[in-house]
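Heads up: the structure comes next, in structure tokens.
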Amino acid sequence: MAGVEAARDRAQAVLRVRGAALAVAALPTAAAAVLIAGGVTGRLGAAGAPDAAGWDVARWVVGAIALLVLLSALAFAVVLRRVALPQVPAVQIAETEAPELYRLVRDLAERMDVPAPARVALTPDCDSWLEDPLPGAPCEAAPSPAARPHSDALGRETAAPPAPTLVIGSPFMWWMRVAELRALLAPVVAGTACSADPDIAAARRFVRALDATLGLAADLADRSAWLRPAAALLGRVSGLLLHRCRAHAAEMERAVASWASEQAKQVDYGLRIAAQEQVGLAYAGWDRLLTRVALPAWRIGRWPGRLDAGVVAALTELSRRDRLAEGFETRLGERPACDLLEEPGRIDEAVSLLAARLFHGDGGADGGAATARWAPVDWADYPVAVVERIWRAQSAELVGLLEPDGTDRAIDRLLHRLRDGAAEELAGALTSRRLRAAPPPQPEFQLQPPRTGRDLLGEHLTALVCCAAVDSGAAEPGLDWLDGPVLLVGGVRRTDLAAPVALAVEHGDDRPLRAWLDEIGIRVEKPVRLP
């Protein structure tokens, strides 16, 4: 337990910072008490003494300062206690919804002689961790041989803090096999031993409260001018204490992680190395699925209802293309971790909706009403409900720039304009329209780098070409698990459209694109159907 002792030492260092801050806040009160006591006993400024008036002034000044500092310290303590601590959004999984998963986690805890997590939750992220319960929140402590009373610095027995929640990245549940998940979760579950320590738990709460208070001070400063002085003081004190605690808190967490890793070596250590390889693969597939597949749907107010099932398809395709691992089919024949859930489809749907709200906001399409409601979409309906809809909308936007009345909707008109050097003008108009129509910045914009006007023009021209191909009956919209919306001709994805479009946009050379259209059998003078 040397690692736990090292973590406890660092936690006590954090708590000493808290104690020192309390002592500093109490100094003016102590000084005022000394001055008042000295006046009562006649030792400091006795009545009739030459310096009595000076001591009276000192008592009033120090007393006022003490009262001000005491009230400020009390207000700061109230803020620290009541501030909303940050919580990562997650879908709570009841034991009745995943009894086998709970048994797996408790078996891990029993084998490592640590307390079992109280609950399990899934989050749309490629990570797993322990989430400490919020102060005052009901949280049952799971029975465990390691969950026994502790003693504080005075030797008094104290009950262990409530057991934390085990948060698991949902892509792991669908992509990993049961044995891999057990090996991956072992170091995380081992961390409950440190979470059950009162000193470590108190130090973590103090640091989290300071961090939340610092954010609250920044919000208050932006909200109202008359709150700025108080917010500045609150932020300054919080920042100072956080600075004093940061090194100790970092070393405490490092010691916890080191001990948990050593403790978990007794559980499937060899398999954990292979499971870590799958973590990197899961992250790559999840990132591609969110940015290339989910994001286009979110932008029009639709959310794919089976993201985790989609990540399995994306990773399968990624493994097939890049030949990442031998024996891949044998691995997929093993039992997936999602089988530990009673209703994986329903839970996948809940996690998918959480991902949409977390990465994009509360709903609404680009350029539409912000209050538009989310609507689910199945993977089978994705090509028509999402891909074709996006193409039609982008085509209408581009045609609207060329012909505001919409009378000429043929590709030929646009190609003539590009050949005449209108690319810069169209790119600028698209950029301006996108900036005017865009909703307030949302977290989803972090998923993709900013696009230039030429990028937007190329995207809209590609959409117009795809719509013309679909209208001609020669092609249909499709979904690629790694690249998102694609054009299928004869059931086969066409990947040779990007180069002709780029030449038309960047250089005004429309001949390669016209040749491509002729090959498919598309008449450039025929109007494109718009929504």
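Naming scheme: A, B, ... for chains in displayed order of the structure tokens; residues 1 onward per chain; ligands 1 onward as shown.
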
Please provide the set of residues having any atom within 12 Å of Tyr382 in chain A, restricted to only C-alpha atoms, with same-chain residues fewer than 4 positions apart removed, written as a list in words.
Val293, Ala294, Pro296, Ala297, Trp298, Arg302, Trp303, Pro304, Gly305, Arg306, Gly310, Pro376, Val377, Asp378, Val386, Val387, Glu388, Arg389, Ile390, Pro477, Gly478, Leu479, Asp480, Trp481, Gly484, Pro485 and Val486 of chain A

For the alpha helix (DSSP H) assignment from backbone DSSP, which residues of range 174-383 of chain A qualify? Please present them as an MDAnalysis selection string.
chainID A and resid 174:175 178:190 192:195 198:223 228:263 269:288 295:299 307:322 328:332 344:360 382

Could you list, as a ChimeraX atom specification, every residue within 9 Å of Ala274 in chain A, counting only C-alpha atoms and ignoring same-chain residues fewer than 4 positions away?
/A:180,270,278

Written selection (C-alpha atoms) as a PDB file, in the first residue's frame:
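This went into selection-v5.pdb:
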```pdb
ATOM      1  CA  GLU A 180     -10.365  -7.215 -23.236  1.00  0.00           C
ATOM      2  CA  GLY A 270      -0.805  -9.886 -20.727  1.00  0.00           C
ATOM      3  CA  GLN A 278      -7.596  -1.759 -29.378  1.00  0.00           C
TER       4      GLN A 278
END
```

Near range 6-23 of chain A, counting only C-alpha atoms, which residues have an atom at most 12 Å away, once you skip same-chain residues fewer than 3 positions from it, shown as a PyMOL selection string?
chain A and resi 1-3+26-30+69-70+72-74+76-77+80+152-153+191+193-210+237-238+240-260
